[in-house]
Structures are given as C-alpha cells and as structure tokens.
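These notes are about the structure you will find just below.
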Amino acid sequence: MHILVNGPTARRGKLLSALAENSGPESPTVVFTENAEQADLSAVDLIIDLVFDKHPDILQFYSVNAPVGTFFILHANTLSLRETAHSLGLIDLLPRIAGVNAWPGCLDGPLWEMSTGHDAALATLKPFSEILGFQFDMVQDRVGLVTPRVMCMIINEAFLTLQEGTAQRADIDLAMKLGTNYPGGPFEWAEKWGLDEVAYLLSKLHQSTNDARYKSSQLLLEESWSCRIT
C-alpha cells in the first residue's frame, strides 16, 4: 500500500509519524510532503491531506492525477465535504472521501474524529483504519465537526472573560483544568492550534449557523490578526 501525507509536520501526529519508521514487508509505503502538487500520485492508494480545508480546490488536482480507486482522508474542520464536492463538481468522489480533525495533537491518539459525506465511504475507510492502526468516531458532515466546534467556543469565552478583566490567562487555564479535568486550558489550546485557525473556524461557524455563540471576541480577533502580521 502506498500512502501520501500532505501537510506540515505539526499536524501528522504520533501515529502517522510512526508509519515512516515501520519497515516490515507488510508495512505501507508512506511519503510525506508539504506540496502535494509536486508529488508522484501515480501509485497512491490513500491520500491524507492535513490542510485540505484551506485549499479545497486541490481535490480537483487529486481527481485528475491520482488512480481511480484512491481513497482520501481530508482535514475538514471548516467545511462540509458534501457541499465542497458539490461546489467543485466532484460529487462522484464522495464514496471515497472521509473528513478528519487534523489540528495539532488531534491525531496523536488512536481515536480520530471523522466524518463522511456518503455512507459508502465507511466501508472503504474501515480497512484503511485497521492498516494504519486507528479507530474513528463518526460525526456529522458539518462545519466544525464536534471537538473543534466546542473547544473554539470555549476559547472564545475565555477571551471574553479576559477582555472583561474577570481573570488573567493563567488563572483561566488553571480553573478550566482543575474544574473540568481538561488536559489543557483554553489559552493553551489556542496557542497549540493557532489563533488564526481558531478565529477562522469561529467565523465559518458564525456564518453557517448565525449563532451568536460563535461570534469572535474583539480581543481574539485582534490577537489573531497580530499573529498573521508577525
């Protein structure tokens, strides 16, 4: 089996990174790249794109250059697979596509948060998950999936709390970790995932739901903008 992983090292997670170290006769051949358009797709069985939601048009490139039976696992935090395939005129690809939350740290464990835009994709996904060694929890094909949606809302509330002067960053992080037993506080998660990513997802959620819970605080917007400049 030949696997192409497209995206930065920080998003690969422990499981995907470990695949490159396996050298047994039954081990898949894994190629890592940060520019899929320069990679050889002629023999790939599986493409894992960890930055897909920022450049969904690359699905057209994959559809032309990858073999007909190639399966795709695509980072899809800020978009719907079904809506994206429709907009690109690639609805026929949906049985071979699964979405995944690939923010830094989210692929470290054996359980991946995933979605599909077509029921038939599940049957093909299962053998790939067994070969790669992960399990998956399926959620609806919607902007934000579940974990990114909930955590970004919590991060936004933390910024509102800081903005109002109720508590400082370290105190808010500590209170959330002690009070909810989270492995990290909201500011720690925001730093790990990137404020620009958090703000972008919140904007997509607000746009798709018109729910005020997803309207970014002014402080979060200012700091995310500052991150883009620097």
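Residues are referred to by chain and number: the chain letter is A, B, ... according to the order shown in the structure tokens, the number counts from 1 in that chain, and ligands are numbered separately from 1 in the order shown.
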
At a cut-off of 12 Å, using only C-alpha atoms, what residues contact Ala18 in chain A? Leave out same-chain residues fewer than 2 positions from it and give the result as a PDB file with C-alpha atoms, in the first residue's frame.
```
ATOM      1  CA  ARG A  12       0.936  14.495  11.375  1.00  0.00           C
ATOM      2  CA  GLY A  13       0.575  13.251  14.919  1.00  0.00           C
ATOM      3  CA  LYS A  14       2.376  10.357  16.533  1.00  0.00           C
ATOM      4  CA  LEU A  15       0.593   7.606  14.626  1.00  0.00           C
ATOM      5  CA  LEU A  16       1.292   8.912  11.121  1.00  0.00           C
ATOM      6  CA  ALA A  20       7.578   6.137   8.369  1.00  0.00           C
ATOM      7  CA  GLU A  21       9.636   4.102  10.846  1.00  0.00           C
ATOM      8  CA  ASN A  22       7.940   0.778  10.021  1.00  0.00           C
ATOM      9  CA  SER A  23       9.965  -1.305   7.595  1.00  0.00           C
ATOM     10  CA  SER A  27       4.124  -2.120   6.214  1.00  0.00           C
ATOM     11  CA  PRO A  28       2.686   0.579   3.926  1.00  0.00           C
ATOM     12  CA  THR A  29       4.979   2.848   1.955  1.00  0.00           C
ATOM     13  CA  VAL A  30       4.475   6.377   3.290  1.00  0.00           C
ATOM     14  CA  PHE A  32       5.368  12.916   3.450  1.00  0.00           C
ATOM     15  CA  LEU A 107      -4.102  12.716  15.531  1.00  0.00           C
ATOM     16  CA  ASP A 108      -1.766  11.715  18.368  1.00  0.00           C
ATOM     17  CA  GLY A 109      -4.097   9.141  19.875  1.00  0.00           C
ATOM     18  CA  LEU A 132      -2.886   2.435   9.927  1.00  0.00           C
ATOM     19  CA  GLY A 133      -3.869   1.425  13.455  1.00  0.00           C
TER      20      GLY A 133
END
```

Output as a tab-separated table one row per residue of range 109-147 of chain A within 9 Å of range 70-82 of chain A: the closest atom pair and its distance in Å to one decimal place, counting only C-alpha atoms, sorted by chain and residue number ascending.
```
residue	atom	partner	partner_atom	distance
A:Met114	CA	A:Ala76	CA	8.8
A:Ser115	CA	A:Leu81	CA	8.3
A:Thr116	CA	A:Leu81	CA	6.9
A:Gly117	CA	A:Arg82	CA	4.9
A:His118	CA	A:Arg82	CA	7.8
A:Ala121	CA	A:Phe71	CA	8.7
A:Thr124	CA	A:Phe71	CA	7.8
A:Leu125	CA	A:Phe71	CA	8.0
A:Phe128	CA	A:Phe71	CA	9.0
A:Asp141	CA	A:Ser80	CA	5.5
A:Arg142	CA	A:Ser80	CA	5.1
A:Val143	CA	A:Leu79	CA	4.8
A:Gly144	CA	A:Asn77	CA	4.9
A:Leu145	CA	A:Asn77	CA	6.2
```

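With distances restricted to only C-alpha atoms, A:Ala102 is the closest residue to Asn6 in chain A from A:Leu93, A:Gln140, A:Ala85, A:Ala102.
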
With DSSP run on the backbone, what are the alpha helix (DSSP H) residues within range 37-182 of chain A? I'd like them as number ranges by chain.
A: 58-65, 81-88, 120-132, 147-163, 169-180

With distances taken over only C-alpha atoms, which residue among A:Leu220, A:Val100, A:Val5, A:Leu94 lies nearest Met153 in chain A?
A:Leu220

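Minimum atom-to-atom distances from A:Thr180, A:Asn101, A:Gln135, A:Ser42 to Gly69 in chain A were compared using only C-alpha atoms, and the lowest value belongs to A:Ser42.
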
So that I can check the surroundings of range 196-209 of chain A, please list as an mmCIF file with C-alpha atoms, in the first residue's frame every protein, DNA and RNA residue that reaches within 12 Å of it, counting only C-alpha atoms and ignoring chain neighbours fewer than 5 positions away.
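What follows is the written file part28.cif:
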```cif
data_model
loop_
_atom_site.group_PDB
_atom_site.id
_atom_site.type_symbol
_atom_site.label_atom_id
_atom_site.label_comp_id
_atom_site.auth_asym_id
_atom_site.auth_seq_id
_atom_site.Cartn_x
_atom_site.Cartn_y
_atom_site.Cartn_z
ATOM 1 C CA VAL A 51 -4.531 21.181 5.259
ATOM 2 C CA ASP A 53 -9.897 22.955 4.312
ATOM 3 C CA LYS A 54 -7.604 25.867 3.422
ATOM 4 C CA ALA A 76 -12.245 19.254 7.106
ATOM 5 C CA ASN A 77 -12.757 21.388 10.229
ATOM 6 C CA THR A 78 -14.101 24.452 8.430
ATOM 7 C CA LEU A 79 -16.159 22.945 5.620
ATOM 8 C CA SER A 80 -18.689 20.295 4.681
ATOM 9 C CA GLU A 83 -21.057 20.911 -0.021
ATOM 10 C CA ALA A 102 -6.203 17.186 11.969
ATOM 11 C CA TRP A 103 -5.338 20.150 14.167
ATOM 12 C CA PRO A 104 -2.007 19.712 16.014
ATOM 13 C CA ARG A 142 -20.839 19.855 9.254
ATOM 14 C CA VAL A 143 -18.579 22.862 9.724
ATOM 15 C CA GLY A 144 -16.680 22.493 12.996
ATOM 16 C CA LEU A 145 -17.272 18.759 13.482
ATOM 17 C CA VAL A 146 -17.598 18.380 17.308
ATOM 18 C CA THR A 147 -14.312 18.872 19.183
ATOM 19 C CA PRO A 148 -13.164 21.953 17.206
ATOM 20 C CA ARG A 149 -16.648 23.481 17.458
ATOM 21 C CA VAL A 150 -16.926 23.039 21.227
ATOM 22 C CA MET A 151 -13.330 23.927 22.045
ATOM 23 C CA CYS A 152 -13.302 27.077 19.903
ATOM 24 C CA MET A 153 -16.471 28.266 21.628
ATOM 25 C CA ILE A 154 -14.763 27.695 24.997
ATOM 26 C CA ILE A 155 -11.634 29.510 23.790
ATOM 27 C CA ASN A 156 -13.788 32.431 22.670
ATOM 28 C CA GLU A 157 -15.484 32.590 26.089
ATOM 29 C CA PHE A 159 -11.028 35.574 25.630
ATOM 30 C CA PRO A 186 -8.356 27.314 26.586
ATOM 31 C CA PHE A 187 -5.388 29.640 26.038
ATOM 32 C CA TRP A 189 -5.231 25.020 23.240
ATOM 33 C CA ALA A 190 -5.465 28.281 21.314
ATOM 34 C CA GLU A 191 -1.684 28.581 21.227
ATOM 35 C CA TYR A 214 -19.611 31.726 17.583
ATOM 36 C CA LYS A 215 -19.051 35.457 17.156
ATOM 37 C CA SER A 216 -15.374 36.046 17.930
ATOM 38 C CA SER A 217 -14.494 38.392 20.772
ATOM 39 C CA GLN A 218 -12.710 41.585 19.809
ATOM 40 C CA LEU A 219 -9.595 40.570 21.761
ATOM 41 C CA LEU A 220 -9.379 37.207 19.986
ATOM 42 C CA LEU A 221 -9.710 38.927 16.611
ATOM 43 C CA GLU A 222 -7.037 41.492 17.481
ATOM 44 C CA GLU A 223 -4.573 38.843 18.659
ATOM 45 C CA SER A 224 -5.262 36.547 15.708
ATOM 46 C CA TRP A 225 -4.672 39.459 13.354
ATOM 47 C CA SER A 226 -1.435 40.275 15.160
ATOM 48 C CA CYS A 227 -0.317 36.646 14.657
ATOM 49 C CA ARG A 228 -0.917 36.933 10.899
ATOM 50 C CA ILE A 229 1.169 40.112 10.686
ATOM 51 C CA THR A 230 4.107 38.681 12.634
#
```

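One finds CA of Pro67 in chain A at 7.6 Å from CA of Asp45 in chain A.
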
How many Å lie between CA of Pro95 in chain A and CA of Ile3 in chain A, rounded to one decimal?
18.3 Å

Give me every strand (DSSP E or B) residue in range 16-67 of chain A, going by DSSP on the backbone, as a ChimeraX atom specification.
/A:29-33,46-49

Would you save the residues of that selection, restricted to N, CA and C atoms, as a compact mmCIF listing (two decimals), in the first residue's frame?
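Written out: again-v8.txt:
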```txt
# COMPACT_ATOMS: atom_id res chain seq x y z
N THR A 29 3.98 1.85 2.37
CA THR A 29 4.98 2.85 1.95
C THR A 29 4.37 4.23 2.14
N VAL A 30 5.03 5.06 2.95
CA VAL A 30 4.48 6.38 3.29
C VAL A 30 5.41 7.47 2.79
N VAL A 31 4.86 8.42 2.07
CA VAL A 31 5.60 9.59 1.60
C VAL A 31 4.98 10.83 2.23
N PHE A 32 5.82 11.66 2.86
CA PHE A 32 5.37 12.92 3.45
C PHE A 32 5.77 14.07 2.54
N THR A 33 4.86 15.01 2.38
CA THR A 33 5.15 16.19 1.56
C THR A 33 4.39 17.39 2.11
N LEU A 46 -3.93 5.79 -0.85
CA LEU A 46 -4.56 6.65 0.15
C LEU A 46 -3.82 7.98 0.19
N ILE A 47 -4.58 9.07 0.13
CA ILE A 47 -4.02 10.41 0.32
C ILE A 47 -4.62 10.99 1.59
N ILE A 48 -3.74 11.41 2.50
CA ILE A 48 -4.17 12.07 3.73
C ILE A 48 -3.72 13.53 3.63
N ASP A 49 -4.68 14.44 3.46
CA ASP A 49 -4.37 15.85 3.30
C ASP A 49 -4.73 16.58 4.59
```

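Shortest separation to Ala175 in chain A among A:Ala98, A:Val68, A:Ala158, A:Ala43 occurs at residue A:Ala158, atoms counted being only C-alpha atoms.
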
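You will find CA of Thr161 in chain A at 21.9 Å from CA of Asn210 in chain A.
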